[in-house]
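Structure file entry-v1.tsv; described as TSV, C-alpha atoms and all ligand atoms.
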chain	number	residue	atom	x	y	z
A	1455	MET	CA	-28.83	-18.69	-13.71
A	1456	ASN	CA	-32.09	-16.83	-14.02
A	1457	VAL	CA	-34.37	-18.55	-16.52
A	1458	ILE	CA	-36.30	-15.33	-17.10
A	1459	LEU	CA	-33.32	-14.12	-19.11
A	1460	PHE	CA	-34.15	-16.57	-21.84
A	1461	LEU	CA	-37.84	-15.76	-22.20
A	1462	GLY	CA	-38.43	-14.35	-25.63
A	1463	CYS	CA	-35.12	-15.60	-27.00
A	1464	PRO	CA	-35.63	-16.87	-30.49
A	1465	SER	CA	-34.60	-20.40	-31.21
A	1466	GLY	CA	-31.05	-20.69	-32.43
A	1467	THR	CA	-29.53	-18.13	-30.05
A	1468	VAL	CA	-26.54	-19.02	-27.96
A	1469	ILE	CA	-26.14	-16.74	-25.00
A	1470	THR	CA	-22.74	-15.84	-23.67
A	1471	ASP	CA	-20.94	-12.73	-22.45
A	1472	LYS	CA	-19.04	-10.89	-25.16
A	1473	SER	CA	-16.16	-10.23	-22.86
A	1474	ILE	CA	-15.20	-11.61	-19.48
A	1475	SER	CA	-12.34	-11.12	-17.09
A	1476	ALA	CA	-10.46	-13.67	-15.05
A	1477	VAL	CA	-8.03	-12.90	-12.26
A	1478	LEU	CA	-4.62	-14.57	-12.63
A	1479	GLY	CA	-4.59	-17.90	-10.80
A	1480	MET	CA	-8.36	-17.92	-10.20
A	1481	ASP	CA	-11.02	-20.07	-11.81
A	1482	VAL	CA	-13.23	-18.48	-14.46
A	1483	THR	CA	-16.53	-19.60	-15.94
A	1484	LEU	CA	-16.92	-19.35	-19.70
A	1485	PRO	CA	-20.69	-19.19	-20.14
A	1486	CYS	CA	-22.66	-20.69	-23.00
A	1487	TYR	CA	-26.44	-21.05	-22.83
A	1488	TYR	CA	-28.80	-22.26	-25.47
A	1489	HIS	CA	-32.48	-21.50	-25.38
A	1490	ILE	CA	-34.35	-24.62	-26.45
A	1491	GLU	CA	-37.76	-24.68	-28.00
A	1492	ALA	CA	-40.17	-27.51	-27.41
A	1493	ASP	CA	-39.18	-30.61	-29.41
A	1494	GLU	CA	-35.62	-29.36	-29.67
A	1495	LYS	CA	-32.66	-31.19	-28.13
A	1496	VAL	CA	-29.06	-30.25	-27.50
A	1497	ALA	CA	-26.79	-33.13	-28.45
A	1498	GLN	CA	-23.41	-31.61	-27.54
A	1499	VAL	CA	-21.50	-28.44	-26.80
A	1500	SER	CA	-17.95	-28.09	-28.01
A	1501	TRP	CA	-15.39	-25.46	-27.00
A	1502	VAL	CA	-12.40	-24.22	-28.98
A	1503	LYS	CA	-9.93	-21.42	-28.57
A	1504	LYS	CA	-9.39	-19.38	-31.73
A	1505	GLU	CA	-5.68	-18.80	-32.08
A	1506	THR	CA	-4.20	-15.73	-33.75
A	1507	ASP	CA	-2.87	-17.83	-36.63
A	1508	GLY	CA	-6.44	-18.79	-37.55
A	1509	GLN	CA	-6.17	-22.29	-36.12
A	1510	ASN	CA	-8.54	-23.58	-33.50
A	1511	THR	CA	-7.35	-25.44	-30.41
A	1512	ASP	CA	-9.83	-27.99	-29.12
A	1513	ILE	CA	-10.67	-27.57	-25.48
A	1514	ALA	CA	-13.58	-29.82	-24.61
A	1515	ILE	CA	-16.66	-31.57	-25.86
A	1516	LEU	CA	-19.66	-31.91	-23.58
A	1517	ASN	CA	-21.84	-34.67	-24.94
A	1518	ILE	CA	-25.26	-35.42	-23.49
A	1519	GLU	CA	-24.91	-39.11	-24.15
A	1520	TYR	CA	-21.18	-39.81	-23.76
A	1521	GLY	CA	-20.13	-37.24	-21.15
A	1522	THR	CA	-17.29	-34.74	-21.23
A	1523	ILE	CA	-13.97	-35.05	-23.03
A	1524	VAL	CA	-11.20	-32.54	-22.29
A	1525	PHE	CA	-8.38	-32.26	-24.83
A	1526	GLY	CA	-4.60	-32.11	-24.54
A	1527	ALA	CA	-3.21	-29.14	-22.67
A	1528	TYR	CA	-6.59	-28.45	-21.08
A	1529	SER	CA	-6.73	-31.83	-19.39
A	1530	GLY	CA	-7.22	-31.26	-15.68
A	1531	ARG	CA	-7.95	-27.54	-16.21
A	1532	VAL	CA	-11.50	-27.68	-17.51
A	1533	LYS	CA	-14.73	-28.99	-16.07
A	1534	GLU	CA	-18.35	-28.46	-17.01
A	1535	LYS	CA	-19.93	-25.66	-15.05
A	1536	SER	CA	-22.90	-27.70	-13.87
A	1537	PRO	CA	-23.88	-31.28	-14.61
A	1538	LEU	CA	-24.57	-30.97	-18.32
A	1539	ASP	CA	-28.19	-30.20	-18.83
A	1540	SER	CA	-29.59	-29.27	-22.15
A	1541	GLU	CA	-29.33	-25.49	-21.68
A	1542	ASP	CA	-26.09	-24.78	-19.86
A	1543	GLY	CA	-22.94	-25.62	-21.80
A	1544	GLY	CA	-20.60	-23.40	-19.76
A	1545	ILE	CA	-17.18	-24.58	-18.65
A	1546	VAL	CA	-14.94	-23.63	-15.78
A	1547	LEU	CA	-11.31	-22.93	-16.68
A	1548	LYS	CA	-9.15	-23.44	-13.63
A	1549	ASN	CA	-6.14	-21.33	-12.56
A	1550	ALA	CA	-6.29	-18.74	-15.34
A	1551	VAL	CA	-2.92	-17.70	-16.77
A	1552	GLN	CA	-2.02	-14.84	-19.12
A	1553	ALA	CA	-1.72	-17.21	-22.06
A	1554	ASP	CA	-5.44	-17.95	-21.66
A	1555	GLU	CA	-6.30	-14.50	-22.99
A	1556	GLY	CA	-8.01	-14.61	-26.33
A	1557	THR	CA	-11.15	-15.61	-28.20
A	1558	TYR	CA	-13.19	-18.66	-27.27
A	1559	GLN	CA	-16.00	-20.22	-29.22
A	1560	CYS	CA	-18.72	-22.52	-28.01
A	1561	ARG	CA	-20.68	-24.48	-30.59
A	1562	VAL	CA	-24.04	-25.89	-29.60
A	1563	ASN	CA	-25.10	-28.85	-31.65
A	1564	THR	CA	-28.89	-29.19	-31.59
A	1565	PHE	CA	-31.35	-31.57	-33.10
A	1566	PRO	CA	-33.03	-30.92	-35.41
A	1567	ALA	CA	-32.06	-27.25	-35.87
A	1568	GLY	CA	-28.28	-27.73	-36.33
A	1569	ASN	CA	-25.25	-25.85	-35.01
A	1570	PHE	CA	-25.12	-22.46	-33.33
A	1571	ASP	CA	-21.95	-20.63	-32.35
A	1572	ALA	CA	-21.08	-17.91	-29.91
A	1573	GLU	CA	-17.77	-16.20	-29.21
A	1574	LEU	CA	-16.35	-14.52	-26.17
A	1575	GLN	CA	-13.18	-12.64	-25.34
A	1576	LEU	CA	-11.31	-13.60	-22.22
A	1577	LYS	CA	-9.08	-11.06	-20.49
A	1578	VAL	CA	-6.79	-12.16	-17.68
A	1579	LEU	CA	-6.25	-9.54	-15.00
A	1580	VAL	CA	-2.86	-9.68	-13.32
A	1581	PRO	CA	-3.14	-7.89	-9.99
A	1582	PRO	CA	-0.01	-5.99	-8.97
A	1583	LEU	CA	2.21	-6.73	-5.98
A	1584	PRO	CA	3.08	-3.15	-5.12
A	1585	THR	CA	6.27	-2.25	-3.29
A	1586	LEU	CA	7.22	0.89	-1.43
A	1587	SER	CA	10.84	1.76	-0.77
A	1588	PRO	CA	11.85	4.64	1.47
A	1589	GLY	CA	14.30	7.22	0.15
A	1590	PRO	CA	17.50	8.38	1.87
A	1591	THR	CA	17.47	9.68	5.44
A	1592	LEU	CA	15.47	12.88	5.77
A	1593	THR	CA	17.18	15.75	7.58
A	1594	GLU	CA	15.64	19.09	8.40
A	1595	GLY	CA	17.42	21.85	6.54
A	1596	ASP	CA	18.05	19.73	3.44
A	1597	GLY	CA	16.26	20.66	0.21
A	1598	LYS	CA	13.80	18.55	-1.78
A	1599	THR	CA	14.48	14.91	-0.90
A	1600	LEU	CA	12.92	11.63	-2.03
A	1601	ALA	CA	10.68	10.40	0.82
A	1602	ALA	CA	9.54	7.13	-0.80
A	1603	SER	CA	9.09	5.44	-4.12
A	1604	CYS	CA	6.14	3.18	-4.97
A	1605	THR	CA	6.02	0.70	-7.86
A	1606	ALA	CA	3.22	-1.52	-9.11
A	1607	GLU	CA	3.05	-3.70	-12.20
A	1608	GLY	CA	-0.04	-5.45	-13.48
A	1609	ASN	CA	-2.42	-6.05	-16.33
A	1610	PRO	CA	-4.11	-3.71	-17.02
A	1611	ALA	CA	-2.01	-0.82	-15.64
A	1612	PRO	CA	-2.54	-0.32	-11.89
A	1613	SER	CA	-3.43	3.13	-10.69
A	1614	LEU	CA	-1.49	4.69	-7.91
A	1615	ALA	CA	-2.11	7.55	-5.49
A	1616	TRP	CA	-0.40	9.00	-2.42
A	1617	ASP	CA	-2.33	9.51	0.79
A	1618	THR	CA	-0.65	11.71	3.38
A	1619	GLU	CA	-1.14	14.92	5.32
A	1620	VAL	CA	2.45	15.87	4.50
A	1621	ASP	CA	3.14	18.43	1.75
A	1622	GLY	CA	5.08	17.04	-1.16
A	1623	ILE	CA	5.17	16.54	-4.88
A	1624	ASN	CA	5.21	13.36	-6.93
A	1625	GLN	CA	6.91	12.34	-10.13
A	1626	THR	CA	5.05	9.51	-11.79
A	1627	GLN	CA	6.15	7.38	-14.73
A	1628	ARG	CA	4.23	4.75	-16.65
A	1629	TYR	CA	5.77	1.97	-18.71
A	1630	GLN	CA	4.07	-0.40	-21.14
A	1631	HIS	CA	5.35	-3.98	-21.34
A	1632	PRO	CA	4.20	-6.76	-23.68
A	1633	ARG	CA	1.72	-8.27	-21.22
A	1634	SER	CA	1.60	-5.74	-18.41
A	1635	ALA	CA	2.11	-2.12	-17.52
A	1636	SER	CA	3.94	-0.62	-14.59
A	1637	VAL	CA	3.69	2.63	-12.69
A	1638	THR	CA	6.41	4.12	-10.51
A	1639	SER	CA	5.77	7.19	-8.41
A	1640	ASP	CA	8.38	9.08	-6.40
A	1641	PHE	CA	7.21	11.31	-3.56
A	1642	TYR	CA	9.47	14.26	-2.63
A	1643	VAL	CA	9.36	16.45	0.46
A	1644	VAL	CA	11.33	19.34	1.88
A	1645	PRO	CA	12.08	17.72	5.26
A	1646	SER	CA	10.82	19.49	8.35
A	1647	ARG	CA	10.36	18.35	11.94
A	1648	ARG	CA	6.56	18.55	11.59
A	1649	MET	CA	6.75	15.60	9.16
A	1650	ASN	CA	8.52	13.34	11.64
A	1651	GLY	CA	6.32	10.35	12.53
A	1652	LYS	CA	3.71	11.19	9.87
A	1653	ALA	CA	2.34	8.47	7.64
A	1654	LEU	CA	2.91	8.39	3.89
A	1655	SER	CA	0.76	5.78	2.12
A	1656	CYS	CA	0.89	4.51	-1.42
A	1657	VAL	CA	-2.61	3.44	-2.46
A	1658	VAL	CA	-2.85	1.04	-5.39
A	1659	SER	CA	-6.09	0.19	-7.16
A	1660	HIS	CA	-6.62	-2.46	-9.78
A	1661	PRO	CA	-9.63	-4.23	-11.32
A	1662	GLY	CA	-8.14	-7.53	-10.08
A	1663	PHE	CA	-8.29	-6.37	-6.43
A	1664	GLN	CA	-11.29	-6.86	-4.17
A	1665	GLN	CA	-10.18	-3.64	-2.47
A	1666	GLU	CA	-7.36	-1.17	-2.92
A	1667	LYS	CA	-3.98	-2.01	-1.40
A	1668	ARG	CA	-2.26	0.45	0.88
A	1669	ILE	CA	1.41	0.42	1.89
A	1670	THR	CA	2.34	2.85	4.61
A	1671	HIS	CA	5.72	4.29	5.45
A	1672	VAL	CA	6.24	6.38	8.59
A	1673	LEU	CA	8.49	9.35	7.91
A	1674	ASP	CA	11.60	9.71	10.01
A	1675	VAL	CA	13.00	13.25	9.87
A	1676	ARG	CA	16.18	14.06	11.78
A	1677	TYR	CA	16.31	17.47	13.43
A	1678	LEU	CA	17.43	19.30	16.52
A	1679	ALA	CA	15.29	22.10	17.94
A	1680	GLY	CA	16.45	25.09	20.00
A	1681	VAL	CA	17.28	24.72	23.68
A	1682	SER	CA	15.34	26.19	26.56
A	1683	ILE	CA	15.98	25.78	30.26
A	1684	GLN	CA	13.16	25.59	32.78
A	1685	GLY	CA	13.08	25.61	36.58
A	1686	TYR	CA	14.65	28.93	37.51
A	1687	GLU	CA	12.06	31.50	38.60
A	1688	GLU	CA	14.40	34.38	39.63
A	1689	SER	CA	13.47	33.74	43.25
A	1690	TRP	CA	16.19	31.36	44.22
A	1691	PHE	CA	17.63	32.14	47.66
A	1692	VAL	CA	20.25	30.79	49.99
A	1693	GLY	CA	18.81	27.75	51.74
A	1694	LYS	CA	16.25	26.88	49.04
A	1695	GLU	CA	15.82	23.11	48.85
A	1696	ALA	CA	15.46	20.79	45.86
A	1697	ALA	CA	16.33	23.45	43.26
A	1698	THR	CA	16.19	21.85	39.83
A	1699	LEU	CA	16.89	22.92	36.23
A	1700	LYS	CA	15.45	21.13	33.26
A	1701	CYS	CA	16.81	21.39	29.74
A	1702	ILE	CA	14.25	21.15	26.93
A	1703	CYS	CA	15.43	20.38	23.43
A	1704	GLU	CA	13.42	18.21	21.06
A	1705	GLY	CA	15.37	16.19	18.61
A	1706	ASN	CA	15.36	13.11	16.44
A	1707	PRO	CA	17.31	11.11	17.42
A	1708	PRO	CA	16.81	12.39	21.00
A	1709	ALA	CA	19.45	14.81	22.22
A	1710	VAL	CA	21.99	14.00	24.93
A	1711	TYR	CA	22.61	16.78	27.43
A	1712	LYS	CA	25.70	18.11	29.09
A	1713	TRP	CA	25.59	20.70	31.87
A	1714	SER	CA	28.31	23.22	32.69
A	1715	ARG	CA	28.80	26.62	34.29
A	1716	THR	CA	30.78	29.45	32.67
A	1717	ASN	CA	33.92	30.65	34.41
A	1718	SER	CA	33.90	27.87	36.97
A	1719	SER	CA	33.10	24.20	37.34
A	1720	LEU	CA	29.72	22.92	38.42
A	1721	PRO	CA	29.33	23.19	42.21
A	1722	GLU	CA	29.65	20.16	44.49
A	1723	GLY	CA	26.48	18.53	45.79
A	1724	ILE	CA	24.47	18.44	42.57
A	1725	LYS	CA	23.33	15.58	40.42
A	1726	THR	CA	23.05	15.75	36.62
A	1727	GLY	CA	21.28	13.08	34.67
A	1728	GLY	CA	19.69	13.30	31.25
A	1729	ASP	CA	17.92	16.61	30.89
A	1730	THR	CA	17.95	17.62	34.60
A	1731	LEU	CA	20.34	19.25	36.99
A	1732	GLN	CA	19.36	18.88	40.61
A	1733	PHE	CA	20.75	20.38	43.81
A	1734	LEU	CA	20.94	17.70	46.50
A	1735	ARG	CA	21.50	20.24	49.25
A	1736	PRO	CA	20.17	23.71	50.12
A	1737	LEU	CA	21.42	26.48	47.79
A	1738	GLU	CA	24.45	28.51	48.72
A	1739	ALA	CA	25.49	31.98	47.50
A	1740	GLU	CA	28.39	30.42	45.51
A	1741	ASP	CA	25.95	28.45	43.37
A	1742	ALA	CA	25.16	31.61	41.35
A	1743	GLY	CA	26.45	31.81	37.81
A	1744	VAL	CA	25.63	31.18	34.18
A	1745	TYR	CA	24.53	27.56	33.67
A	1746	ILE	CA	24.78	26.06	30.22
A	1747	CYS	CA	22.94	23.09	28.77
A	1748	GLN	CA	24.63	21.69	25.70
A	1749	SER	CA	22.36	19.36	23.73
A	1750	THR	CA	23.68	17.20	20.93
A	1751	ASN	CA	22.44	14.58	18.49
A	1752	ASP	CA	23.60	13.22	15.10
A	1753	ILE	CA	22.52	16.38	13.32
A	1754	ALA	CA	23.74	19.28	15.40
A	1755	SER	CA	24.72	20.62	18.78
A	1756	ARG	CA	23.02	23.58	20.42
A	1757	GLN	CA	23.24	25.29	23.75
A	1758	GLY	CA	21.00	27.23	26.06
A	1759	MET	CA	21.94	29.20	29.15
A	1760	VAL	CA	20.36	30.63	32.23
A	1761	THR	CA	21.86	33.24	34.58
A	1762	ILE	CA	21.14	32.30	38.13
A	1763	SER	CA	21.41	34.77	40.96
A	1764	ILE	CA	20.80	33.72	44.52
A	1765	SER	CA	19.46	36.19	47.05
A	1766	GLY	CA	20.52	36.23	50.71
A	1767	MET	CA	18.96	34.07	53.38
A	1768	ASN	CA	15.20	34.61	53.32
A	1769	LEU	CA	14.72	35.85	56.89
A	1770	THR	CA	10.95	35.78	56.75
A	1771	CYS	CA	11.01	31.97	56.62
B	1801	LIG	C1	0.89	13.58	-8.66
B	1801	LIG	O1	0.62	14.96	-8.58
B	1801	LIG	C2	-0.33	15.41	-9.54
B	1801	LIG	C3	-0.40	16.93	-9.45
B	1801	LIG	O2	-0.59	17.34	-8.12
B	1801	LIG	C4	-1.67	14.73	-9.30
B	1801	LIG	O3	-2.61	15.14	-10.26
B	1801	LIG	C5	-1.48	13.23	-9.39
B	1801	LIG	O4	-2.67	12.57	-9.06
B	1801	LIG	C6	-0.37	12.77	-8.44
B	1801	LIG	N1	-0.10	11.37	-8.71
B	1801	LIG	C7	0.05	10.49	-7.73
B	1801	LIG	C8	0.42	9.13	-8.13
B	1801	LIG	O5	-0.08	10.79	-6.55

Could you render the structure as structure tokens?
Ligand SMILES: *[C@@H]1O[C@H](CO)[C@@H](O)[C@H](O)[C@H]1NC(C)=O
Amino acid sequence: MNVILFLGCPSGTVITDKSISAVLGMDVTLPCYYHIEADEKVAQVSWVKKETDGQNTDIAILNIEYGTIVFGAYSGRVKEKSPLDSEDGGIVLKNAVQADEGTYQCRVNTFPAGNFDAELQLKVLVPPLPTLSPGPTLTEGDGKTLAASCTAEGNPAPSLAWDTEVDGINQTQRYQHPRSASVTSDFYVVPSRRMNGKALSCVVSHPGFQQEKRITHVLDVRYLAGVSIQGYEESWFVGKEAATLKCICEGNPPAVYKWSRTNSSLPEGIKTGGDTLQFLRPLEAEDAGVYICQSTNDIASRQGMVTISISGMNLTC
């Protein structure tokens, strides 16, 4: 500790912080300095906790001559901050718990000037363990739906924010409990395919955190887009090789495709697989017709069609 702090302190002043914070489970130093004048000596420093009923609970006595005694419930939880020298009477309280909150007093016993007291308030910060739970399945076409719900409880109250590029609204509730406070925030969206795969993050800040905590949920929106068929350029002719149609239909989950032809069955000599229909032989005049791609997923089924006409043998070839 910087000695310059004590320059100009009058004799008989005990220096401590009025209020300090510990993080649950961490060690905390309760400071207590005494500025000694020449010819003055500190004989001992004693620590008590001032209980709400007016009683004092003994914590420890740091004696220059006889060493340190730690009392009762504090045994094993308290040690002197540094080897006791005549100015620093601070103690380290190990593994802070919520019951440690309260008022502490250090009493510095000096010779010949007598006793000097100082008090400090200890607050124990309980950092939250936030959780994020996704809402029900999101389906395009449904109205306002819960996308995710984020909850954090701590002491003091955590603060919560949503970070996302997705449009939505939140409903946030705060609750006060005897030794903590909790915040729950629900994030609602009107599901659309543009939201599928987008991140929705709950960002929780708290004085007990070194840095904010972020829990991310990736939105899964079910939808089925319209169907389009590619590959036919209105220049198909008898004898054309490797003619291929491709069915395009985005969906989540991905669509499965089924090909057919109106008024007749699919011709022989083609292969269908997934989104493509492929002629394995040169085109013939009978291959003309209206081809249909039926695409289906959990949400819906849609179809697209293409009318294929096939011109006579291209004699210029
Ligand atoms: C909820 O929405 C309101 C209004 O847009 C905003 O002020 C607030 O910060 C939001 N709260 C959270 C937790 O995102």

Within 10 Å of range 1509-1523 of chain A using all atoms listed in the file, minus same-chain residues under 6 positions, as a list in words: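 Everything that qualifies: Lys1495, Val1496, Ala1497, Gln1498, Val1499, Ser1500, Trp1501, Val1502, Lys1503, Ser1529, Arg1531, Val1532, Lys1533, Glu1534, Pro1537, Leu1538, Asp1539, Ser1540, Gly1543, Gly1544, Ile1545, Leu1547, Thr1557, Tyr1558, Gln1559, Cys1560, Arg1561, Val1562 and Asn1563 of chain A.
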
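Minimum distance to ligand LIG 1801 (chain B) across A:Thr1626, A:Thr1698, A:Asn1717, A:Thr1670 (counting all atoms listed in the file) occurs at A:Thr1626.
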
Find the residues near ligand LIG 1801 (chain B). Use a cut-off of 8 Å, count all atoms listed in the file, and write them as a PDB file with C-alpha atoms, keeping the file's coordinate frame.
ATOM      1  CA  SER A1613      -3.430   3.130 -10.690  1.00  0.00           C
ATOM      2  CA  LEU A1614      -1.490   4.690  -7.910  1.00  0.00           C
ATOM      3  CA  ALA A1615      -2.110   7.550  -5.490  1.00  0.00           C
ATOM      4  CA  TRP A1616      -0.400   9.000  -2.420  1.00  0.00           C
ATOM      5  CA  ASP A1617      -2.330   9.510   0.790  1.00  0.00           C
ATOM      6  CA  ILE A1623       5.170  16.540  -4.880  1.00  0.00           C
ATOM      7  CA  ASN A1624       5.210  13.360  -6.930  1.00  0.00           C
ATOM      8  CA  GLN A1625       6.910  12.340 -10.130  1.00  0.00           C
ATOM      9  CA  THR A1626       5.050   9.510 -11.790  1.00  0.00           C
ATOM     10  CA  SER A1639       5.770   7.190  -8.410  1.00  0.00           C
ATOM     11  CA  PHE A1641       7.210  11.310  -3.560  1.00  0.00           C
TER      12      PHE A1641
END

Could you give me, as a PyMOL selection string, the residues within 8 Å of range 1475-1490 of chain A, counting all atoms listed in the file and dropping anything in the same chain fewer than 5 positions from it? chain A and resi 1460+1463-1470+1495-1496+1535+1540-1552+1560+1562+1572+1576-1581+1662

Of the residues A:Pro1721, A:Gly1766, A:Gly1508, A:Gly1651, which is the one nearest to Phe1691 in chain A, using all atoms listed in the file? A:Gly1766

Could you tell me which of A:Asp1571, A:Asp1493, A:Glu1555, A:Glu1594 comes closest to Val1675 in chain A if we count all atoms listed in the file? A:Glu1594

Have a look at CA of Arg1676 in chain A and CA of Pro1590 in chain A and let me know their distance in Å, one decimal.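 These atoms are spaced 11.5 Å apart.
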
Which polymer residues have any atom within 12 Å of an atom of Tyr1711 in chain A, counting all atoms listed in the file, with same-chain residues fewer than 6 positions away left out, as a PDB file with C-alpha atoms, keeping the file's coordinate frame?
ATOM      1  CA  VAL A1681      17.280  24.720  23.680  1.00  0.00           C
ATOM      2  CA  SER A1682      15.340  26.190  26.560  1.00  0.00           C
ATOM      3  CA  ILE A1683      15.980  25.780  30.260  1.00  0.00           C
ATOM      4  CA  LYS A1700      15.450  21.130  33.260  1.00  0.00           C
ATOM      5  CA  CYS A1701      16.810  21.390  29.740  1.00  0.00           C
ATOM      6  CA  ILE A1702      14.250  21.150  26.930  1.00  0.00           C
ATOM      7  CA  CYS A1703      15.430  20.380  23.430  1.00  0.00           C
ATOM      8  CA  GLU A1704      13.420  18.210  21.060  1.00  0.00           C
ATOM      9  CA  GLY A1705      15.370  16.190  18.610  1.00  0.00           C
ATOM     10  CA  THR A1726      23.050  15.750  36.620  1.00  0.00           C
ATOM     11  CA  GLY A1727      21.280  13.080  34.670  1.00  0.00           C
ATOM     12  CA  GLY A1728      19.690  13.300  31.250  1.00  0.00           C
ATOM     13  CA  ASP A1729      17.920  16.610  30.890  1.00  0.00           C
ATOM     14  CA  THR A1730      17.950  17.620  34.600  1.00  0.00           C
ATOM     15  CA  LEU A1731      20.340  19.250  36.990  1.00  0.00           C
ATOM     16  CA  ILE A1746      24.780  26.060  30.220  1.00  0.00           C
ATOM     17  CA  CYS A1747      22.940  23.090  28.770  1.00  0.00           C
ATOM     18  CA  GLN A1748      24.630  21.690  25.700  1.00  0.00           C
ATOM     19  CA  SER A1749      22.360  19.360  23.730  1.00  0.00           C
ATOM     20  CA  THR A1750      23.680  17.200  20.930  1.00  0.00           C
ATOM     21  CA  ASN A1751      22.440  14.580  18.490  1.00  0.00           C
ATOM     22  CA  SER A1755      24.720  20.620  18.780  1.00  0.00           C
ATOM     23  CA  ARG A1756      23.020  23.580  20.420  1.00  0.00           C
ATOM     24  CA  GLN A1757      23.240  25.290  23.750  1.00  0.00           C
ATOM     25  CA  GLY A1758      21.000  27.230  26.060  1.00  0.00           C
TER      26      GLY A1758
END

A:Ile1724, A:Ile1753, A:Ala1567, A:Leu1734: which is nearest Thr1591 in chain A, counting all atoms listed in the file?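 Comparing A:Ile1724, A:Ile1753, A:Ala1567, A:Leu1734 against Thr1591 in chain A, the winner is A:Ile1753.
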
Enclosing box along x, y and z for every listed atom of range 1587-1600 of chain A, padded 6 Å each side, centre and size in Å, one decimal, as lines of an AutoDock Vina configuration file:
center_x = 14.4
center_y = 11.8
center_z = 3.2
size_x = 19.2
size_y = 32.1
size_z = 22.4

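Distance annotation: of A:Leu1720, A:Ile1762, A:Leu1592, A:Ala1527, the residue with the minimal separation from Gly1685 in chain A is A:Ile1762; atom set is all atoms listed in the file.
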